[in-house]
Amino acid sequence: MTTTQLIALDLVTATATVACWLAAGVLAAGTLASGAPTDAAADAARRRRARHALALIASGILALLAQAAVVVLLSTRGWWFVQEKVVFALPVTLVATVAAALLAGPALVRIARGRSASGSRASVTTAVVSACAASVAGLAARQLVGYPLTLGAAATLLLLTTLATWLSYVILAGLGRRLLVGVAGLTALVVGASVGSAWLGDVAAPGSLAAAHAAHAGEAAAATTPAGSVVSVADLRTPAEASPTGDVKRFALTAQQQVVTLEGVGTVNAWSYGSVPGPEVRVTEGDLVEVTLANRDIGAGVTIHWHGYDVPNGEDGVAGVTQNAVLPGESFTYRFTADDPGTYWYHTHQASAEGVQRGLYGTLVVLPRGGIAEAVDLALPVHALGGALLMGDATTEQRRAVAAGARVRIRLINTDQVPRRFRVTGTAFEVAAVDGRDLNRPTAIEDRALRLPAGGRLDVTLSMPNSPVRVTTDASPRAGLTLSPGAAARSDTAIEPHDGPDLDLLGYGTPEAAAMPEGSGTVLASMVLDRLPRFRHGLPSVAYTVDGAVFPHIDSIEVTEGDVVRLTVANRGWETHPMHVHGHHVLVLSRNGVPASGSPLWLDTFDVQPGEVWEVAFLADNPGIWMDHCHNLDHAAEGMMMALRYRGVTTSFEQGGAHSNRSE
Ligand code: C2O
Ligand code: CU
């Protein structure tokens, strides 16, 4: 059974437990209220009700046992899937269940046998109510609190369970109006205080990056490194005197509102860096890249983040962390040396969910010194815009003549929010690189679809056959690329689309001795992804959470330069989260406990699907304050974003402020 199925089963059994005890409580109260029966028919009805109540109590016990069995199975998938169930939901429900069975069971059995009840109606029914309240608290632990369940949250839930039980006793035993109002008031007070403190924690708590900001102003010493040195992100930039071994390559990008015309779609009011996609930034290893971003009229502000390219922190383009948003009329120049050949992309990182979806993205390609083996080299960013899918800059099929025998490289780039699947048909191909890192001896494949997480890239290489080759995506029936050989080719031959399974990159290519350098220390970190009700910007929402919190309240992962970070990411939710790490590539160690078995796989974006657990590792070798977030940018905007912070790094930038910085 998959982890997601077990999570679903756990919810079903937990809900069934609540339902059983609720119905048992109602029936028990009714049975005990009816008093001694006056005639045979009434007696039979009463005995039947008692039997039904007993059956429901038995079902409640069975449902709890089923919960326990599911939790045992789920625990084999990782502690983060079961913590709140093991430490709270199961034991508390168990205690209440035993009490209910011991108190209500014998009383109902007596009635079912036609004798008079033992115990008062109030105490017997309250015992059943307590089991119901405890199982509701168990559901709340799962669906409201999530992982990790803290001591405080557990105590609050326990208190509410007790209060609900007491309240039911006060009502059933008729203990008087004053006590009723008192207990009800106390219950409301506890609920109000928990909601209020959650709200205060959202609006008034400073957030995890505030310390780095305060340290910048010298207001806090918390950010000092072991050596005591402090550096600001604004100083973690490419040195002015950087002397490239290659050329200085200058680009000027002007962010602007632009009406773009898409074939078959019409016009779209886009935001662009001059075109959609933005101008391709194509450089060669050793070059110094200098990109000046100007903002003509994007009122919300823009930046450029070099997705997947591990630039110095001050060039990373995150508004509110590494720079201020560039407002209309302003500009900012990014500089970095192109040391890492590969396929990357760039996009705004100021309120990026809206900006990127509207068109603020483009391609970054770094060619190796000496070039690549392929004569044909195409970058194909894929992007949904105005209800259509753009492959490159076209919504319809693009055709290219390629001489038979020529080597071809197609750089697939998913600039969207959701995973995209691609098919290369007409010939065998290799996946030569992923996320800008070459794979070790990739093998030829033919019958596999290529699944690309949001933000991810794949370089496909192939030798042009004497017949057409087609690249398609299941995200669009129209957009695609067809390569046709010369006139001799059967260029009109229809290509049968074939729908093979997805290529699993964790088993693709050839293993190589571990490439992970030794670190001077080891940091163990985990991120547990979920979707939970939380306050954001002071308003209630069903947010995307990491460890039960939302940005900017998620604790940063703190590292010292030289540490090896082993990061585990577990997804408790129902949606896929393409997790993206800025400034570093991570080596995939395992997924769902199964070690990666192919070529070393260095990624900057990895899809954590529902129920999955990924273990990755990286060397902390790029000091700064780096964002770490879901690249479904709507999820990031709804909380799923946090920071990786090197000790001693401070920032003068903050959320909001005069530039209305919004890091997500
Ligand atoms: Cu491509 Cu933080 O983003
Ligand atoms: Cu997500």
# chains A, B, ... in the order shown; residues from 1 in each chain; ligands from 1
$ select_by_dssp --residues "segment 220-430 of chain A" --states "strand (DSSP E or B)" --output "number ranges by chain"
A: 231-232, 248-262, 266-272, 278-284, 288-295, 302, 305-307, 319, 323, 326, 331-337, 342-347, 361-367, 376-385, 388-391, 394, 397-401, 407-414, 420-425, 429-430
$ write_last_selection --atoms "C-alpha atoms" --output "CSV table (one decimal), in the first residue's frame"
chain,number,residue,atom,x,y,z
A,231,VAL,CA,28.9,39.6,6.8
A,232,SER,CA,26.0,41.2,5.1
A,248,VAL,CA,32.4,40.1,-20.3
A,249,LYS,CA,28.9,39.4,-21.6
A,250,ARG,CA,26.4,42.2,-21.0
A,251,PHE,CA,22.7,42.0,-21.2
A,252,ALA,CA,20.0,44.6,-20.6
A,253,LEU,CA,16.6,43.4,-19.7
A,254,THR,CA,13.7,45.8,-19.2
A,255,ALA,CA,10.7,44.5,-17.3
A,256,GLN,CA,7.5,45.8,-18.7
A,257,GLN,CA,3.9,45.3,-19.2
A,258,GLN,CA,3.4,43.9,-22.7
A,259,VAL,CA,0.6,42.8,-24.9
A,260,VAL,CA,1.7,39.6,-26.5
A,261,THR,CA,-0.1,37.9,-29.4
A,262,LEU,CA,-0.2,34.1,-29.2
A,266,GLY,CA,-5.2,36.0,-29.2
A,267,THR,CA,-3.6,38.7,-27.1
A,268,VAL,CA,-2.5,38.4,-23.5
A,269,ASN,CA,-1.6,41.2,-21.1
A,270,ALA,CA,1.7,39.8,-20.0
A,271,TRP,CA,4.6,41.0,-17.9
A,272,SER,CA,7.9,40.4,-19.6
A,278,GLY,CA,12.7,36.8,-21.9
A,279,PRO,CA,15.8,37.1,-24.1
A,280,GLU,CA,17.9,34.0,-23.8
A,281,VAL,CA,21.1,34.6,-21.8
A,282,ARG,CA,23.6,32.3,-23.4
A,283,VAL,CA,27.2,32.5,-22.3
A,284,THR,CA,30.3,30.4,-22.2
A,288,LEU,CA,31.6,37.3,-16.7
A,289,VAL,CA,27.8,37.8,-17.0
A,290,GLU,CA,26.5,41.2,-16.4
A,291,VAL,CA,22.8,41.7,-16.6
A,292,THR,CA,21.2,45.1,-16.0
A,293,LEU,CA,17.6,44.8,-15.1
A,294,ALA,CA,15.4,47.9,-15.5
A,295,ASN,CA,11.8,48.2,-14.5
A,302,VAL,CA,10.7,42.9,-10.1
A,305,HIS,CA,16.6,35.1,-9.6
A,306,TRP,CA,19.0,32.8,-11.5
A,307,HIS,CA,17.1,29.6,-10.9
A,319,ALA,CA,13.4,40.7,-2.8
A,323,GLN,CA,18.0,43.0,-2.4
A,326,VAL,CA,13.3,46.9,-8.4
A,331,SER,CA,17.5,49.3,-12.0
A,332,PHE,CA,19.8,46.6,-10.6
A,333,THR,CA,22.9,45.0,-12.1
A,334,TYR,CA,23.6,41.3,-11.5
A,335,ARG,CA,27.1,40.0,-12.1
A,336,PHE,CA,28.4,36.5,-11.9
A,337,THR,CA,31.1,34.4,-13.4
A,342,GLY,CA,24.4,23.7,-18.1
A,343,THR,CA,20.7,24.7,-18.5
A,344,TYR,CA,19.2,27.1,-16.1
A,345,TRP,CA,16.5,29.8,-16.2
A,346,TYR,CA,15.7,33.1,-14.6
A,347,HIS,CA,12.6,34.7,-13.2
A,361,TYR,CA,11.0,34.4,-17.1
A,362,GLY,CA,13.7,33.4,-19.5
A,363,THR,CA,16.4,30.9,-20.3
A,364,LEU,CA,20.0,30.9,-19.1
A,365,VAL,CA,22.4,28.6,-20.9
A,366,VAL,CA,26.1,28.2,-19.9
A,367,LEU,CA,28.1,26.4,-22.6
A,376,VAL,CA,21.9,21.6,-32.9
A,377,ASP,CA,21.2,23.1,-29.5
A,378,LEU,CA,17.7,24.2,-28.6
A,379,ALA,CA,16.4,25.6,-25.3
A,380,LEU,CA,12.7,24.9,-24.9
A,381,PRO,CA,11.2,26.6,-21.8
A,382,VAL,CA,7.6,25.4,-21.4
A,383,HIS,CA,5.1,27.9,-19.9
A,384,ALA,CA,1.4,28.2,-19.5
A,385,LEU,CA,0.2,31.7,-20.6
A,388,ALA,CA,-2.3,28.2,-23.9
A,389,LEU,CA,1.1,26.4,-23.6
A,390,LEU,CA,4.2,28.1,-24.9
A,391,MET,CA,7.0,25.8,-25.9
A,394,ALA,CA,5.3,29.2,-29.9
A,397,GLU,CA,4.1,23.0,-33.6
A,398,GLN,CA,7.6,24.3,-34.6
A,399,ARG,CA,9.4,22.5,-37.4
A,400,ARG,CA,13.2,22.5,-37.9
A,401,ALA,CA,15.3,20.9,-40.5
A,407,ARG,CA,23.8,15.4,-32.9
A,408,VAL,CA,21.0,17.4,-31.2
A,409,ARG,CA,20.6,18.7,-27.7
A,410,ILE,CA,17.2,19.8,-26.5
A,411,ARG,CA,17.1,21.7,-23.2
A,412,LEU,CA,13.6,21.1,-21.7
A,413,ILE,CA,12.8,23.7,-19.0
A,414,ASN,CA,9.6,23.6,-16.9
A,420,ARG,CA,5.1,18.5,-17.1
A,421,ARG,CA,5.6,15.3,-19.0
A,422,PHE,CA,7.4,15.2,-22.3
A,423,ARG,CA,7.8,12.6,-24.9
A,424,VAL,CA,10.5,12.3,-27.4
A,425,THR,CA,9.4,10.0,-30.2
A,429,PHE,CA,17.8,9.5,-26.9
A,430,GLU,CA,19.7,10.1,-23.7
$ residues_around --residues "Trp574 of chain A" --least-positions-apart "3" --cutoff "12 Å" --atoms "only C-alpha atoms" --output "mmCIF file with all heavy atoms, in the first residue's frame"
data_model
loop_
_atom_site.group_PDB
_atom_site.id
_atom_site.type_symbol
_atom_site.label_atom_id
_atom_site.label_comp_id
_atom_site.auth_asym_id
_atom_site.auth_seq_id
_atom_site.Cartn_x
_atom_site.Cartn_y
_atom_site.Cartn_z
ATOM 1 N N THR A 3 2.004 5.131 0.836
ATOM 2 C CA THR A 3 1.905 5.945 2.049
ATOM 3 C C THR A 3 0.643 6.806 2.008
ATOM 4 O O THR A 3 -0.047 6.967 3.018
ATOM 5 C CB THR A 3 3.163 6.823 2.165
ATOM 6 O OG1 THR A 3 4.302 5.959 2.125
ATOM 7 C CG2 THR A 3 3.170 7.615 3.452
ATOM 8 N N THR A 4 0.337 7.328 0.834
ATOM 9 C CA THR A 4 -0.850 8.172 0.710
ATOM 10 C C THR A 4 -2.125 7.372 0.992
ATOM 11 O O THR A 4 -3.039 7.868 1.652
ATOM 12 C CB THR A 4 -0.901 8.776 -0.703
ATOM 13 O OG1 THR A 4 0.307 9.508 -0.896
ATOM 14 C CG2 THR A 4 -2.069 9.712 -0.858
ATOM 15 N N GLN A 5 -2.145 6.136 0.519
ATOM 16 C CA GLN A 5 -3.317 5.297 0.820
ATOM 17 C C GLN A 5 -3.428 5.047 2.316
ATOM 18 O O GLN A 5 -4.528 5.067 2.878
ATOM 19 C CB GLN A 5 -3.214 3.966 0.061
ATOM 20 C CG GLN A 5 -3.508 4.119 -1.424
ATOM 21 C CD GLN A 5 -3.104 2.892 -2.225
ATOM 22 O OE1 GLN A 5 -2.235 2.112 -1.811
ATOM 23 N NE2 GLN A 5 -3.727 2.729 -3.384
ATOM 24 N N ILE A 7 -2.336 7.057 4.657
ATOM 25 C CA ILE A 7 -2.773 8.320 5.276
ATOM 26 C C ILE A 7 -4.294 8.455 5.120
ATOM 27 O O ILE A 7 -5.002 8.841 6.051
ATOM 28 C CB ILE A 7 -2.033 9.524 4.642
ATOM 29 C CG1 ILE A 7 -0.544 9.483 4.997
ATOM 30 C CG2 ILE A 7 -2.645 10.848 5.099
ATOM 31 C CD1 ILE A 7 0.295 10.527 4.285
ATOM 32 N N ALA A 8 -4.791 8.099 3.940
ATOM 33 C CA ALA A 8 -6.233 8.174 3.711
ATOM 34 C C ALA A 8 -6.970 7.203 4.629
ATOM 35 O O ALA A 8 -7.980 7.545 5.254
ATOM 36 C CB ALA A 8 -6.540 7.875 2.244
ATOM 37 N N LEU A 529 6.176 18.551 4.961
ATOM 38 C CA LEU A 529 5.265 19.383 4.175
ATOM 39 C C LEU A 529 3.820 18.953 4.416
ATOM 40 O O LEU A 529 3.529 17.763 4.501
ATOM 41 C CB LEU A 529 5.590 19.248 2.691
ATOM 42 C CG LEU A 529 7.079 19.306 2.327
ATOM 43 C CD1 LEU A 529 7.263 19.078 0.832
ATOM 44 C CD2 LEU A 529 7.677 20.643 2.739
ATOM 45 N N ASP A 530 2.934 19.933 4.505
ATOM 46 C CA ASP A 530 1.536 19.597 4.752
ATOM 47 C C ASP A 530 0.660 20.775 4.329
ATOM 48 O O ASP A 530 1.152 21.816 3.900
ATOM 49 C CB ASP A 530 1.335 19.303 6.247
ATOM 50 C CG ASP A 530 0.193 18.296 6.496
ATOM 51 O OD1 ASP A 530 -0.654 18.124 5.604
ATOM 52 O OD2 ASP A 530 0.170 17.709 7.584
ATOM 53 N N ARG A 531 -0.620 20.585 4.451
ATOM 54 C CA ARG A 531 -1.566 21.667 4.191
ATOM 55 C C ARG A 531 -2.475 21.747 5.400
ATOM 56 O O ARG A 531 -3.190 20.787 5.705
ATOM 57 C CB ARG A 531 -2.356 21.364 2.925
ATOM 58 C CG ARG A 531 -3.186 22.539 2.524
ATOM 59 C CD ARG A 531 -3.625 22.547 1.107
ATOM 60 N NE ARG A 531 -4.061 23.905 0.829
ATOM 61 C CZ ARG A 531 -4.925 24.228 -0.101
ATOM 62 N NH1 ARG A 531 -5.431 23.300 -0.862
ATOM 63 N NH2 ARG A 531 -5.273 25.476 -0.272
ATOM 64 N N LEU A 532 -2.438 22.865 6.109
ATOM 65 C CA LEU A 532 -3.129 22.970 7.392
ATOM 66 C C LEU A 532 -3.748 24.359 7.543
ATOM 67 O O LEU A 532 -3.271 25.327 6.938
ATOM 68 C CB LEU A 532 -2.115 22.755 8.531
ATOM 69 C CG LEU A 532 -1.449 21.370 8.611
ATOM 70 C CD1 LEU A 532 -0.213 21.408 9.496
ATOM 71 C CD2 LEU A 532 -2.438 20.327 9.098
ATOM 72 N N TYR A 544 -0.033 26.213 3.008
ATOM 73 C CA TYR A 544 0.959 25.173 2.745
ATOM 74 C C TYR A 544 2.052 25.333 3.781
ATOM 75 O O TYR A 544 2.662 26.402 3.869
ATOM 76 C CB TYR A 544 1.491 25.301 1.322
ATOM 77 C CG TYR A 544 0.424 24.953 0.312
ATOM 78 C CD1 TYR A 544 -0.401 25.935 -0.233
ATOM 79 C CD2 TYR A 544 0.205 23.632 -0.055
ATOM 80 C CE1 TYR A 544 -1.411 25.605 -1.128
ATOM 81 C CE2 TYR A 544 -0.794 23.294 -0.950
ATOM 82 C CZ TYR A 544 -1.596 24.287 -1.482
ATOM 83 O OH TYR A 544 -2.593 23.954 -2.355
ATOM 84 N N ALA A 570 9.651 15.221 3.846
ATOM 85 C CA ALA A 570 8.530 14.280 3.837
ATOM 86 C C ALA A 570 7.254 15.046 3.502
ATOM 87 O O ALA A 570 7.052 16.163 3.978
ATOM 88 C CB ALA A 570 8.393 13.601 5.199
ATOM 89 N N ASN A 571 6.423 14.449 2.693
ATOM 90 C CA ASN A 571 5.190 15.106 2.265
ATOM 91 C C ASN A 571 3.981 14.388 2.859
ATOM 92 O O ASN A 571 3.637 13.294 2.456
ATOM 93 C CB ASN A 571 5.110 15.107 0.734
ATOM 94 C CG ASN A 571 3.917 15.880 0.213
ATOM 95 O OD1 ASN A 571 3.066 16.343 0.986
ATOM 96 N ND2 ASN A 571 3.842 16.048 -1.096
ATOM 97 N N HIS A 577 4.911 18.708 -4.191
ATOM 98 C CA HIS A 577 5.663 19.919 -3.884
ATOM 99 C C HIS A 577 7.056 19.849 -4.502
ATOM 100 O O HIS A 577 7.907 19.103 -4.036
ATOM 101 C CB HIS A 577 5.755 20.119 -2.375
ATOM 102 C CG HIS A 577 4.414 20.260 -1.727
ATOM 103 N ND1 HIS A 577 3.536 21.287 -2.042
ATOM 104 C CD2 HIS A 577 3.781 19.498 -0.822
ATOM 105 C CE1 HIS A 577 2.429 21.138 -1.341
ATOM 106 N NE2 HIS A 577 2.546 20.066 -0.595
ATOM 107 N N VAL A 608 8.539 16.305 -4.545
ATOM 108 C CA VAL A 608 8.173 15.438 -3.436
ATOM 109 C C VAL A 608 6.677 15.172 -3.560
ATOM 110 O O VAL A 608 5.852 16.023 -3.245
ATOM 111 C CB VAL A 608 8.514 16.080 -2.077
ATOM 112 C CG1 VAL A 608 8.274 15.072 -0.952
ATOM 113 C CG2 VAL A 608 9.965 16.557 -2.069
ATOM 114 N N GLN A 609 6.360 13.987 -4.068
ATOM 115 C CA GLN A 609 4.956 13.669 -4.306
ATOM 116 C C GLN A 609 4.291 13.237 -2.996
ATOM 117 O O GLN A 609 4.975 12.923 -2.020
ATOM 118 C CB GLN A 609 4.864 12.589 -5.386
ATOM 119 C CG GLN A 609 5.399 13.116 -6.723
ATOM 120 C CD GLN A 609 5.235 12.127 -7.855
ATOM 121 O OE1 GLN A 609 4.166 11.584 -8.065
ATOM 122 N NE2 GLN A 609 6.309 11.898 -8.591
ATOM 123 N N PRO A 610 2.963 13.254 -2.972
ATOM 124 C CA PRO A 610 2.258 12.920 -1.735
ATOM 125 C C PRO A 610 2.763 11.616 -1.121
ATOM 126 O O PRO A 610 2.893 10.610 -1.817
ATOM 127 C CB PRO A 610 0.801 12.795 -2.186
ATOM 128 C CG PRO A 610 0.708 13.706 -3.355
ATOM 129 C CD PRO A 610 2.037 13.609 -4.055
ATOM 130 N N GLY A 611 3.070 11.663 0.162
ATOM 131 C CA GLY A 611 3.523 10.480 0.872
ATOM 132 C C GLY A 611 4.998 10.165 0.698
ATOM 133 O O GLY A 611 5.505 9.244 1.332
ATOM 134 N N GLU A 612 5.693 10.916 -0.149
ATOM 135 C CA GLU A 612 7.100 10.593 -0.395
ATOM 136 C C GLU A 612 8.020 11.177 0.678
ATOM 137 O O GLU A 612 7.727 12.201 1.291
ATOM 138 C CB GLU A 612 7.536 11.107 -1.774
ATOM 139 C CG GLU A 612 7.017 10.249 -2.914
ATOM 140 C CD GLU A 612 7.640 10.593 -4.267
ATOM 141 O OE1 GLU A 612 8.263 11.677 -4.407
ATOM 142 O OE2 GLU A 612 7.498 9.787 -5.183
#
$ residues_near_ligand --ligand "ligand 2" --cutoff "6 Å" --atoms "only C-alpha atoms and all ligand atoms" --output "PyMOL selection string"
chain A and resi 576-578+630+632+635
$ residues_near_ligand --ligand "ligand 1" --cutoff "9 Å" --atoms "only C-alpha atoms and all ligand atoms" --output "PyMOL selection string"
chain A and resi 305-308+316-318+345-349+352+415+454-456+580-582+605+626-631+633+636+641+663-664
$ write_last_selection --atoms "C-alpha atoms" --output "mmCIF file, in the first residue's frame"
data_model
loop_
_atom_site.group_PDB
_atom_site.id
_atom_site.type_symbol
_atom_site.label_atom_id
_atom_site.label_comp_id
_atom_site.auth_asym_id
_atom_site.auth_seq_id
_atom_site.Cartn_x
_atom_site.Cartn_y
_atom_site.Cartn_z
ATOM 1 C CA HIS A 305 16.611 35.133 -9.637
ATOM 2 C CA TRP A 306 18.975 32.777 -11.483
ATOM 3 C CA HIS A 307 17.108 29.563 -10.946
ATOM 4 C CA GLY A 308 19.507 26.684 -10.402
ATOM 5 C CA ASP A 316 20.396 35.797 -6.018
ATOM 6 C CA GLY A 317 17.580 38.228 -6.665
ATOM 7 C CA VAL A 318 15.296 37.534 -3.723
ATOM 8 C CA TRP A 345 16.462 29.754 -16.206
ATOM 9 C CA TYR A 346 15.730 33.078 -14.647
ATOM 10 C CA HIS A 347 12.608 34.656 -13.213
ATOM 11 C CA THR A 348 11.414 37.356 -10.892
ATOM 12 C CA HIS A 349 11.545 36.656 -7.151
ATOM 13 C CA SER A 352 6.846 35.581 -8.005
ATOM 14 C CA THR A 415 8.895 27.172 -15.949
ATOM 15 C CA ALA A 454 8.145 22.710 -11.777
ATOM 16 C CA GLY A 455 11.408 24.608 -12.169
ATOM 17 C CA GLY A 456 13.377 21.553 -13.311
ATOM 18 C CA HIS A 580 13.773 24.110 -4.691
ATOM 19 C CA VAL A 581 16.959 24.988 -2.878
ATOM 20 C CA HIS A 582 18.667 28.257 -3.758
ATOM 21 C CA THR A 605 14.434 21.127 -7.696
ATOM 22 C CA TRP A 626 19.071 31.238 0.786
ATOM 23 C CA MET A 627 15.436 30.542 0.105
ATOM 24 C CA ASP A 628 14.250 27.014 0.215
ATOM 25 C CA HIS A 629 10.714 26.606 -1.081
ATOM 26 C CA CYS A 630 8.089 24.883 -3.075
ATOM 27 C CA HIS A 631 8.313 25.895 -6.726
ATOM 28 C CA LEU A 633 4.863 29.392 -6.589
ATOM 29 C CA ALA A 636 5.235 29.311 -1.772
ATOM 30 C CA MET A 641 8.950 28.828 1.964
ATOM 31 C CA SER A 663 10.304 37.296 -1.053
ATOM 32 C CA GLU A 664 8.052 34.576 -2.292
#
$ closest_residue --among "A:Thr150, A:Ser526, A:Ser123, A:Thr395" --to "Val265 of chain A" --atoms "only C-alpha atoms"
A:Thr395
$ closest_residue --among "A:Asp474, A:Asp563, A:Glu512, A:Asp547" --to "Pro600 of chain A" --atoms "only C-alpha atoms"
A:Glu512
$ residues_around --residues "Met464 of chain A" --least-positions-apart "2" --cutoff "12 Å" --atoms "only C-alpha atoms" --output "PyMOL selection string"
chain A and resi 374-376+400-410+425-429+461-462+466-470+482-486+489
$ write_last_selection --atoms "N, CA and C atoms" --output "compact mmCIF listing (two decimals), in the first residue's frame"
# COMPACT_ATOMS: atom_id res chain seq x y z
N GLU A 374 27.03 18.65 -29.56
CA GLU A 374 25.86 18.69 -30.42
C GLU A 374 25.91 19.92 -31.33
N ALA A 375 25.57 19.70 -32.61
CA ALA A 375 25.57 20.80 -33.56
C ALA A 375 24.29 21.62 -33.44
N VAL A 376 23.22 20.96 -33.04
CA VAL A 376 21.94 21.64 -32.89
C VAL A 376 21.63 21.73 -31.40
N ARG A 400 11.78 22.12 -37.60
CA ARG A 400 13.17 22.46 -37.86
C ARG A 400 13.79 21.41 -38.74
N ALA A 401 14.56 21.85 -39.70
CA ALA A 401 15.30 20.89 -40.52
C ALA A 401 16.62 20.59 -39.83
N VAL A 402 16.90 19.31 -39.65
CA VAL A 402 18.17 18.90 -39.05
C VAL A 402 18.73 17.78 -39.91
N ALA A 403 19.97 17.92 -40.32
CA ALA A 403 20.57 16.90 -41.19
C ALA A 403 20.63 15.57 -40.47
N ALA A 404 20.30 14.51 -41.19
CA ALA A 404 20.38 13.18 -40.59
C ALA A 404 21.82 12.96 -40.13
N GLY A 405 21.94 12.35 -38.96
CA GLY A 405 23.27 12.08 -38.42
C GLY A 405 23.76 13.16 -37.47
N ALA A 406 23.15 14.34 -37.53
CA ALA A 406 23.61 15.43 -36.66
C ALA A 406 23.26 15.12 -35.21
N ARG A 407 24.12 15.55 -34.31
CA ARG A 407 23.80 15.40 -32.89
C ARG A 407 22.96 16.60 -32.46
N VAL A 408 21.97 16.33 -31.62
CA VAL A 408 21.00 17.36 -31.21
C VAL A 408 20.92 17.39 -29.69
N ARG A 409 20.86 18.59 -29.14
CA ARG A 409 20.60 18.74 -27.70
C ARG A 409 19.34 19.59 -27.53
N ILE A 410 18.39 19.06 -26.81
CA ILE A 410 17.16 19.80 -26.52
C ILE A 410 17.10 20.03 -25.02
N THR A 425 9.76 11.22 -29.44
CA THR A 425 9.44 10.04 -30.24
C THR A 425 10.16 10.10 -31.58
N GLY A 426 10.42 8.94 -32.12
CA GLY A 426 11.06 8.86 -33.44
C GLY A 426 12.48 8.35 -33.38
N THR A 427 13.06 8.32 -32.19
CA THR A 427 14.42 7.82 -32.07
C THR A 427 14.75 7.57 -30.60
N ALA A 428 15.82 6.85 -30.39
CA ALA A 428 16.31 6.69 -29.01
C ALA A 428 17.05 7.97 -28.62
N PHE A 429 17.11 8.24 -27.33
CA PHE A 429 17.76 9.47 -26.86
C PHE A 429 18.38 9.20 -25.51
N THR A 461 19.71 14.45 -25.41
CA THR A 461 20.58 14.43 -26.58
C THR A 461 20.22 13.24 -27.46
N LEU A 462 20.40 13.42 -28.75
CA LEU A 462 20.07 12.34 -29.69
C LEU A 462 20.83 12.54 -30.99
N ASN A 466 17.08 9.30 -39.92
CA ASN A 466 16.67 9.68 -41.27
C ASN A 466 15.15 9.83 -41.36
N SER A 467 14.54 10.14 -40.23
CA SER A 467 13.09 10.30 -40.16
C SER A 467 12.81 11.32 -39.06
N PRO A 468 11.59 11.84 -39.01
CA PRO A 468 11.33 12.93 -38.06
C PRO A 468 11.41 12.50 -36.60
N VAL A 469 11.72 13.47 -35.80
CA VAL A 469 11.73 13.29 -34.34
C VAL A 469 10.79 14.34 -33.78
N ARG A 470 10.01 13.93 -32.83
CA ARG A 470 9.03 14.88 -32.31
C ARG A 470 9.14 14.98 -30.78
N THR A 482 9.03 19.51 -34.03
CA THR A 482 9.31 18.41 -34.95
C THR A 482 10.60 18.69 -35.69
N LEU A 483 11.54 17.78 -35.55
CA LEU A 483 12.79 17.88 -36.29
C LEU A 483 12.68 16.97 -37.50
N SER A 484 12.97 17.54 -38.67
CA SER A 484 12.89 16.71 -39.87
C SER A 484 14.23 16.70 -40.56
N PRO A 485 14.67 15.52 -41.01
CA PRO A 485 15.94 15.47 -41.74
C PRO A 485 15.76 16.07 -43.13
N GLY A 486 16.80 16.04 -43.92
CA GLY A 486 16.78 16.69 -45.23
C GLY A 486 15.70 16.19 -46.16
N ALA A 489 14.28 12.71 -46.46
CA ALA A 489 13.59 12.08 -45.34
C ALA A 489 12.11 11.90 -45.61
$ closest_residue --among "A:Ser476, A:Ser541, A:Thr125, A:Gln143" --to "Asp202 of chain A" --atoms "only C-alpha atoms"
A:Ser541
$ residues_around --residues "Pro91 of chain A" --least-positions-apart "6" --cutoff "12 Å" --atoms "only C-alpha atoms" --output "list in words"
Leu64, Leu65, Gln67, Ala68, Gln83, Glu84, Lys85, Thr97, Val98, Ala131, Ala134, Ser135, Ala137, Gly138, Ala154 and Leu158 of chain A
$ closest_residue --among "A:Pro419, A:Pro477, A:Gly246, A:Gly114" --to "Leu452 of chain A" --atoms "only C-alpha atoms"
A:Pro419
